Amino acid sequence: MVLEATMICIDNSEWMRNGDVAPSRMDAQLDAVNLLCNVKLDENPENAVGLLTLAGTPSSGALWVGARSSTSSDDGRPRWLGTGAVCRVLITQTRDPGRVLTAMHQTTVEGEADLVGGLQKAQLALKHRQNKNQRQRIICFVASPVAATAEELVQLGRALKKNNVAVDVVLFGSEWSENEEKMKAFIASVNVNDNAHLVIVPPGTALLAEALMSTPLIQGEHALMTGSTMVDGSLGGTGTTSAPVGSSGMGAFPFDPNADPELALALQMSLEEERNRQAAAAAAGGNNTATTSSPDRGATVTDTPMGEPPLEIANMPNTDGSSSRPLSSTGATMDTEMGDNADELDEELRLAIELSKQEASTTHGPQREARAQPGETEKQRPETAEKKEPPKGS
Amino acid sequence: MTAGDLSRNEGSGHHHHDGCGCGSAGSGEHVPPADLDQARSLQQNTDLYAYIDIARVTALNDGGTASRALVPYRERNPTGDYVCQTVADPQLIMYVPFSVTVKVTHIAVAGPSNETAYWPATMRAYVNRENLDFTSIEQIQCSQSWSLANTRHQDVEALYATRPSKFQNVQSITLFFPENMSGDEACTRIEHVGFYGTATGYRRAPVVAVYEARPLATDSRSRVEVNQKPHVGM
């Protein structure tokens, strides 16, 4: 839940008309920008997103007359007619996704991209953000050959690093290999504690927006990819080092972990316990390990909110002697489990209470007694949850 | 910035130690023990760490490490390595807000004990200024500036006295270190930054007031008062 102000730089040069990325580079890019914008604004209610275009013709409605970029050639036009910078800020930092969308759809494909000028303008826009507590981030889409030299980019990167601005670059389109070296040098010069990423999406592998979902741009601290990432056909991406996290768009959880951190933590702990249990069961075998670990799971889920009855019912210690049901994180399996034992719930409740009282008095150690308390308080929640269930089902 | 600002800080009550670079004391002079004890007791008794609003401390060009340099006097490691290192170049801006209004009498800065090339060479303090970055900080006048020493005597680090008039009602201090000792090294390293002084206890916060739209008899304490005639006084 990082509080962040983001400037998204859109490449709207003529190279965006190309159809190598379906349906066209520009459309794919706008989809990706839409996704990014929504993710950033959902992460934290005080986040802000702004938009700027990297390309355009200088005279296209721009009031800006500034210093000419060093890479453009002299075309003999009088300076006062606006032979200035091409980058334009479409919308400054805003918390309203609708405004960003409107501004996004006003982009036209024209001209050549000026990456250095665009990044400098983005830095300036971030410097004047209204909430100074927000961190600064620039996300830049590049799909045209970069005219700036590597030295210019590295110098710019150092200036951005000095001002605590994090930068992410997304290279897509067929010319990505030409830009790769320069962008790598740039990201290396901007990077501080792995807050800068270079994501390369070669055309034809995946939809740009979907490809971005597994990268650190969207996942932030959940993804364990560092440095440059090449996205291949699978959504997992190469270079991922974590096991279950990152396998789907939102990580291992089918909901937004940031919206409900308690539930996310509880699920994570349950998953770990389950993994330990299965490892122990595979090694030792038998019901002993199964029954001892089930009060653990009951204890770890005590702080889940009331509105999650399927999860709690699935975690009820099972007393009919068979090995406890493995906890799964998908909703579908939990629903079927709930359907199975909805009838035997009252009996199970009583048996569960007896079991936890038994466990409390056995020699399994003092921690069992401590866990008996949460086990007993938890029994009341399934009761009320169960009362909620029939009215919901009817 | 006047010329006086750039030179070594003068004034009474100034504590400095061995090899501090001050024009008066040459390096290698032995500092009398009384001075050291005075400095030590000052650092122990007037530490303003408790009043620093740590959550709101920010810095530029530090890579997120500047808040580690702010520790209570007792907890710092006197022979320790640096904890804060700049990333892009040797300049560093550190913004330190306080939770109450304070009077700062001394500021202490120490770099890593064995690498004096990395120590900051100059320090400029800006009082009660918010949101300074490297371009805007060049345009405004600092409250005070010091040339820093590059040694530390035993466990007592160099203390730099502040001019009292400027550091009376301090809500926040921004420290700017424009260069390091060597001029060649690519970064500046800091081990500890300390502020010493007194807290006045005034807090800047919005006033919470409840207004009475209409006086009610039941709100007053005793019924006897209600029945009395209104009178002036008391």
# chains A, B, ... in the order shown; residues from 1 in each chain; ligands from 1
>>> residues_around(residues="Asn164 of chain A", least_positions_apart="4", cutoff="9 Å", atoms="only C-alpha atoms", output="list in words")
Arg135, Gln136, Arg137, Ala159, Leu160 and Val192 of chain A; Ala59, Leu60, Asn61, Asp62, Gly63 and Gly64 of chain B
>>> write_last_selection(atoms="C-alpha atoms", output="mmCIF file, in the first residue's frame")
data_model
loop_
_atom_site.group_PDB
_atom_site.id
_atom_site.type_symbol
_atom_site.label_atom_id
_atom_site.label_comp_id
_atom_site.auth_asym_id
_atom_site.auth_seq_id
_atom_site.Cartn_x
_atom_site.Cartn_y
_atom_site.Cartn_z
ATOM 1 C CA ARG A 135 6.625 8.793 -3.581
ATOM 2 C CA GLN A 136 7.503 9.619 -7.147
ATOM 3 C CA ARG A 137 7.349 7.139 -9.982
ATOM 4 C CA ALA A 159 19.440 13.122 -11.824
ATOM 5 C CA LEU A 160 16.225 11.165 -11.354
ATOM 6 C CA VAL A 192 18.004 2.263 -6.066
ATOM 7 C CA ALA B 59 15.899 12.750 2.518
ATOM 8 C CA LEU B 60 17.022 13.183 -1.048
ATOM 9 C CA ASN B 61 19.796 11.177 -2.664
ATOM 10 C CA ASP B 62 20.109 8.813 0.237
ATOM 11 C CA GLY B 63 18.580 5.611 -1.076
ATOM 12 C CA GLY B 64 16.264 5.411 1.913
#
>>> closest_atom_pairs(of="chain A", to="chain B", cutoff="12 Å", atoms="only C-alpha atoms", output="CSV")
residue,atom,partner,partner_atom,distance
A:Leu124,CA,B:Thr135,CA,11.5
A:Lys127,CA,B:Asp133,CA,9.0
A:His128,CA,B:Asn131,CA,10.2
A:Arg129,CA,B:Asn131,CA,11.1
A:Gln130,CA,B:Asn131,CA,11.2
A:Asn131,CA,B:Asn131,CA,10.6
A:Lys132,CA,B:Asn131,CA,7.4
A:Asn133,CA,B:Arg56,CA,8.6
A:Gln134,CA,B:Thr58,CA,11.3
A:Arg135,CA,B:Thr58,CA,10.7
A:Gln136,CA,B:Leu60,CA,11.9
A:Val154,CA,B:Ala88,CA,11.0
A:Gln155,CA,B:Ala88,CA,10.0
A:Leu156,CA,B:Ala88,CA,11.1
A:Gly157,CA,B:Ala88,CA,9.3
A:Arg158,CA,B:Ala88,CA,5.8
A:Ala159,CA,B:Ala88,CA,7.6
A:Leu160,CA,B:Ala88,CA,9.2
A:Lys161,CA,B:Ala88,CA,6.5
A:Lys162,CA,B:Asn61,CA,4.3
A:Asn163,CA,B:Leu60,CA,5.7
A:Asn164,CA,B:Leu60,CA,6.1
A:Val165,CA,B:Leu60,CA,9.7
A:Ala166,CA,B:Gly63,CA,10.9
A:Ala188,CA,B:Ala88,CA,11.7
A:Ser189,CA,B:Ala88,CA,8.5
A:Val190,CA,B:Ala88,CA,8.9
A:Asn191,CA,B:Gly63,CA,9.5
A:Val192,CA,B:Gly63,CA,6.0
A:Asn193,CA,B:Gly63,CA,7.2
A:Asp194,CA,B:Gly63,CA,10.5
A:Asn195,CA,B:Gly63,CA,10.2
>>> write_last_selection(atoms="N, CA, C and O atoms", output="short mmCIF file (atom, residue, chain, number, x, y, z; two decimals), in the first residue's frame")
data_model
loop_
_atom_site.label_atom_id
_atom_site.label_comp_id
_atom_site.auth_asym_id
_atom_site.auth_seq_id
_atom_site.Cartn_x
_atom_site.Cartn_y
_atom_site.Cartn_z
N LEU A 124 9.37 17.03 -13.56
CA LEU A 124 8.90 18.35 -13.13
C LEU A 124 7.46 18.28 -12.64
O LEU A 124 7.08 18.88 -11.64
N LYS A 127 7.47 16.81 -9.29
CA LYS A 127 8.03 17.71 -8.28
C LYS A 127 6.93 18.62 -7.76
O LYS A 127 6.93 19.00 -6.59
N HIS A 128 5.97 18.97 -8.61
CA HIS A 128 4.92 19.89 -8.21
C HIS A 128 3.65 19.17 -7.83
O HIS A 128 2.56 19.73 -7.94
N ARG A 129 3.77 17.95 -7.37
CA ARG A 129 2.57 17.24 -6.92
C ARG A 129 2.06 17.89 -5.64
O ARG A 129 2.82 18.49 -4.90
N GLN A 130 0.74 17.74 -5.43
CA GLN A 130 0.15 18.45 -4.31
C GLN A 130 0.47 17.79 -2.99
O GLN A 130 0.66 18.47 -1.99
N ASN A 131 0.52 16.48 -2.96
CA ASN A 131 0.78 15.78 -1.71
C ASN A 131 2.24 15.36 -1.69
O ASN A 131 2.64 14.44 -2.37
N LYS A 132 3.05 16.07 -0.89
CA LYS A 132 4.47 15.79 -0.92
C LYS A 132 4.84 14.49 -0.24
O LYS A 132 5.99 14.07 -0.28
N ASN A 133 3.88 13.84 0.43
CA ASN A 133 4.20 12.57 1.05
C ASN A 133 4.21 11.43 0.07
O ASN A 133 4.64 10.33 0.38
N GLN A 134 3.70 11.64 -1.12
CA GLN A 134 3.67 10.57 -2.11
C GLN A 134 5.06 10.35 -2.67
O GLN A 134 5.81 11.29 -2.91
N ARG A 135 5.36 9.08 -2.91
CA ARG A 135 6.63 8.79 -3.58
C ARG A 135 6.46 9.09 -5.05
O ARG A 135 5.36 9.15 -5.58
N GLN A 136 7.57 9.22 -5.74
CA GLN A 136 7.50 9.62 -7.15
C GLN A 136 7.87 8.45 -8.03
O GLN A 136 8.88 7.79 -7.81
N VAL A 154 21.99 8.01 -19.15
CA VAL A 154 22.58 7.70 -17.84
C VAL A 154 22.64 8.95 -16.97
O VAL A 154 22.35 8.91 -15.77
N GLN A 155 22.96 10.07 -17.60
CA GLN A 155 23.01 11.33 -16.84
C GLN A 155 21.61 11.67 -16.31
O GLN A 155 21.43 12.07 -15.16
N LEU A 156 20.62 11.49 -17.17
CA LEU A 156 19.25 11.74 -16.75
C LEU A 156 18.85 10.80 -15.64
O LEU A 156 18.19 11.17 -14.68
N GLY A 157 19.28 9.55 -15.76
CA GLY A 157 18.97 8.56 -14.74
C GLY A 157 19.55 8.97 -13.39
O GLY A 157 18.89 8.83 -12.35
N ARG A 158 20.75 9.47 -13.40
CA ARG A 158 21.36 9.88 -12.13
C ARG A 158 20.62 11.05 -11.52
O ARG A 158 20.45 11.12 -10.30
N ALA A 159 20.19 11.98 -12.35
CA ALA A 159 19.44 13.12 -11.82
C ALA A 159 18.11 12.66 -11.24
O ALA A 159 17.67 13.14 -10.20
N LEU A 160 17.48 11.70 -11.88
CA LEU A 160 16.23 11.16 -11.35
C LEU A 160 16.46 10.43 -10.05
O LEU A 160 15.69 10.55 -9.09
N LYS A 161 17.55 9.69 -9.98
CA LYS A 161 17.85 8.94 -8.76
C LYS A 161 18.11 9.90 -7.61
O LYS A 161 17.69 9.67 -6.48
N LYS A 162 18.80 10.98 -7.93
CA LYS A 162 19.13 11.94 -6.89
C LYS A 162 17.88 12.55 -6.29
O LYS A 162 17.84 12.89 -5.12
N ASN A 163 16.84 12.70 -7.11
CA ASN A 163 15.61 13.30 -6.62
C ASN A 163 14.59 12.28 -6.18
O ASN A 163 13.41 12.59 -6.09
N ASN A 164 15.05 11.04 -5.92
CA ASN A 164 14.17 9.99 -5.40
C ASN A 164 13.01 9.67 -6.33
O ASN A 164 11.89 9.46 -5.87
N VAL A 165 13.25 9.66 -7.61
CA VAL A 165 12.20 9.30 -8.57
C VAL A 165 12.50 7.88 -9.05
O VAL A 165 13.60 7.59 -9.51
N ALA A 166 11.51 7.00 -8.95
CA ALA A 166 11.67 5.64 -9.46
C ALA A 166 11.12 5.60 -10.88
O ALA A 166 10.16 6.29 -11.20
N ALA A 188 19.76 0.89 -14.98
CA ALA A 188 20.84 0.65 -14.01
C ALA A 188 21.23 1.94 -13.32
O ALA A 188 21.56 1.94 -12.13
N SER A 189 21.19 3.06 -14.05
CA SER A 189 21.60 4.31 -13.43
C SER A 189 20.51 4.89 -12.55
O SER A 189 20.80 5.70 -11.68
N VAL A 190 19.28 4.50 -12.75
CA VAL A 190 18.18 5.06 -11.96
C VAL A 190 17.87 4.18 -10.75
O VAL A 190 17.28 4.64 -9.78
N ASN A 191 18.31 2.95 -10.82
CA ASN A 191 17.87 1.96 -9.85
C ASN A 191 18.45 2.21 -8.46
O ASN A 191 19.65 2.38 -8.32
N VAL A 192 17.57 2.21 -7.46
CA VAL A 192 18.00 2.26 -6.07
C VAL A 192 17.19 1.23 -5.32
O VAL A 192 15.97 1.32 -5.29
N ASN A 193 17.84 0.24 -4.75
CA ASN A 193 17.11 -0.79 -4.00
C ASN A 193 16.02 -1.44 -4.84
O ASN A 193 14.90 -1.65 -4.38
N ASP A 194 16.32 -1.71 -6.09
CA ASP A 194 15.38 -2.44 -6.94
C ASP A 194 14.04 -1.74 -7.11
O ASP A 194 13.01 -2.40 -7.13
N ASN A 195 14.04 -0.43 -7.19
CA ASN A 195 12.74 0.19 -7.42
C ASN A 195 12.53 0.54 -8.88
O ASN A 195 11.49 1.08 -9.25
#
>>> select_by_dssp(residues="segment 79-135 of chain A", states="helix (DSSP H, G or I)", output="PyMOL selection string")
chain A and resi 79-81+97-104+115-127
>>> write_last_selection(atoms="C-alpha atoms", output="compact mmCIF listing (two decimals), in the first residue's frame")
# COMPACT_ATOMS: atom_id res chain seq x y z
CA ARG A 79 11.27 30.05 -33.04
CA TRP A 80 8.25 31.95 -31.99
CA LEU A 81 6.01 29.66 -33.96
CA PRO A 97 -9.58 7.37 -13.11
CA GLY A 98 -12.26 8.82 -15.34
CA ARG A 99 -10.21 11.90 -16.04
CA VAL A 100 -7.18 9.86 -16.94
CA LEU A 101 -9.27 7.80 -19.32
CA THR A 102 -10.68 10.85 -21.02
CA ALA A 103 -7.25 12.35 -21.43
CA MET A 104 -5.92 9.06 -22.73
CA LEU A 115 12.28 10.39 -24.41
CA VAL A 116 14.67 12.62 -22.51
CA GLY A 117 12.41 15.67 -22.73
CA GLY A 118 9.43 13.60 -21.72
CA LEU A 119 11.13 12.18 -18.65
CA GLN A 120 12.32 15.60 -17.60
CA LYS A 121 8.80 16.96 -17.93
CA ALA A 122 7.45 14.04 -15.96
CA GLN A 123 9.99 14.74 -13.23
CA LEU A 124 8.90 18.35 -13.13
CA ALA A 125 5.25 17.38 -12.95
CA LEU A 126 6.01 15.05 -10.05
CA LYS A 127 8.03 17.71 -8.28
>>> residues_around(residues="segment 69-75 of chain B", least_positions_apart="5", cutoff="7 Å", atoms="only C-alpha atoms", output="number ranges by chain")
B: 43-44, 47, 49, 83-84, 190-194
>>> write_last_selection(atoms="N, CA, C and O atoms", output="mmCIF file, in the first residue's frame")
data_model
loop_
_atom_site.group_PDB
_atom_site.id
_atom_site.type_symbol
_atom_site.label_atom_id
_atom_site.label_comp_id
_atom_site.auth_asym_id
_atom_site.auth_seq_id
_atom_site.Cartn_x
_atom_site.Cartn_y
_atom_site.Cartn_z
ATOM 1 N N GLN B 43 25.532 16.029 25.519
ATOM 2 C CA GLN B 43 24.897 15.140 24.561
ATOM 3 C C GLN B 43 23.939 14.187 25.242
ATOM 4 O O GLN B 43 22.929 13.791 24.679
ATOM 5 N N GLN B 44 24.271 13.798 26.453
ATOM 6 C CA GLN B 44 23.381 12.849 27.120
ATOM 7 C C GLN B 44 22.127 13.516 27.622
ATOM 8 O O GLN B 44 21.054 12.922 27.598
ATOM 9 N N ASP B 47 19.585 15.610 24.549
ATOM 10 C CA ASP B 47 19.317 14.947 23.277
ATOM 11 C C ASP B 47 17.875 15.191 22.865
ATOM 12 O O ASP B 47 16.940 14.952 23.633
ATOM 13 N N TYR B 49 16.361 13.606 20.492
ATOM 14 C CA TYR B 49 15.867 12.504 19.663
ATOM 15 C C TYR B 49 14.402 12.201 19.933
ATOM 16 O O TYR B 49 13.650 11.850 19.030
ATOM 17 N N VAL B 83 25.932 4.339 8.322
ATOM 18 C CA VAL B 83 24.623 3.744 8.080
ATOM 19 C C VAL B 83 23.912 4.410 6.916
ATOM 20 O O VAL B 83 22.965 3.873 6.368
ATOM 21 N N CYS B 84 24.353 5.598 6.579
ATOM 22 C CA CYS B 84 23.663 6.356 5.544
ATOM 23 C C CYS B 84 24.667 6.671 4.455
ATOM 24 O O CYS B 84 25.739 7.204 4.729
ATOM 25 N N ILE B 190 27.510 8.826 6.321
ATOM 26 C CA ILE B 190 27.224 9.432 7.622
ATOM 27 C C ILE B 190 26.883 8.319 8.600
ATOM 28 O O ILE B 190 26.151 7.389 8.254
ATOM 29 N N GLU B 191 27.415 8.460 9.811
ATOM 30 C CA GLU B 191 27.125 7.441 10.810
ATOM 31 C C GLU B 191 26.085 7.920 11.801
ATOM 32 O O GLU B 191 25.289 7.141 12.280
ATOM 33 N N HIS B 192 26.117 9.181 12.117
ATOM 34 C CA HIS B 192 25.160 9.660 13.115
ATOM 35 C C HIS B 192 24.901 11.139 12.922
ATOM 36 O O HIS B 192 25.812 11.906 12.611
ATOM 37 N N VAL B 193 23.642 11.511 13.104
ATOM 38 C CA VAL B 193 23.278 12.928 13.136
ATOM 39 C C VAL B 193 22.481 13.135 14.411
ATOM 40 O O VAL B 193 21.522 12.406 14.664
ATOM 41 N N GLY B 194 22.894 14.105 15.204
ATOM 42 C CA GLY B 194 22.180 14.315 16.467
ATOM 43 C C GLY B 194 21.834 15.779 16.653
ATOM 44 O O GLY B 194 22.551 16.670 16.214
#
>>> closest_residue(among="B:Ser113, B:Ser99, B:Asn128, B:Asn77", to="Ser172 of chain B", atoms="only C-alpha atoms")
B:Asn128
>>> atom_distance(atom1="atom CA of Asn180 of chain B", atom2="atom CA of Ser165 of chain B")
28.1 Å
>>> atom_distance(atom1="atom CA of Ala32 of chain A", atom2="atom CA of Gln268 of chain A")
29.3 Å
>>> closest_residue(among="B:Thr218, B:Thr151, B:Thr174, B:Asn114", to="Tyr126 of chain B", atoms="only C-alpha atoms")
B:Thr174
>>> select_by_dssp(residues="segment 22-158 of chain A", states="strand (DSSP E or B)", output="PyMOL selection string")
chain A and resi 48-53+55+88-94+113+135-142
>>> write_last_selection(atoms="C-alpha atoms", output="compact mmCIF listing (two decimals), in the first residue's frame")
# COMPACT_ATOMS: atom_id res chain seq x y z
CA ALA A 48 -2.45 9.99 -7.99
CA VAL A 49 -1.75 9.33 -11.63
CA GLY A 50 -0.82 11.73 -14.38
CA LEU A 51 -0.34 11.28 -18.09
CA LEU A 52 1.97 12.73 -20.67
CA THR A 53 2.75 12.03 -24.30
CA ALA A 55 5.65 12.59 -29.16
CA ARG A 88 2.78 17.42 -23.53
CA VAL A 89 1.29 16.75 -20.15
CA LEU A 90 -2.21 15.51 -20.88
CA ILE A 91 -3.37 15.47 -17.31
CA THR A 92 -1.60 16.31 -14.10
CA GLN A 93 -1.74 14.18 -10.97
CA THR A 94 -5.32 13.19 -10.33
CA ALA A 113 9.16 10.55 -29.46
CA ARG A 135 6.63 8.79 -3.58
CA GLN A 136 7.50 9.62 -7.15
CA ARG A 137 7.35 7.14 -9.98
CA ILE A 138 7.49 7.40 -13.75
CA ILE A 139 6.26 4.58 -15.96
CA CYS A 140 7.40 4.97 -19.53
CA PHE A 141 6.23 3.04 -22.59
CA VAL A 142 8.72 2.95 -25.42
>>> atom_distance(atom1="atom CA of Asp42 of chain A", atom2="atom CA of Gly220 of chain A")
13.0 Å
>>> closest_residue(among="B:Val102, B:Ala186, B:Val109, B:Ala213", to="Lys166 of chain B", atoms="only C-alpha atoms")
B:Val102
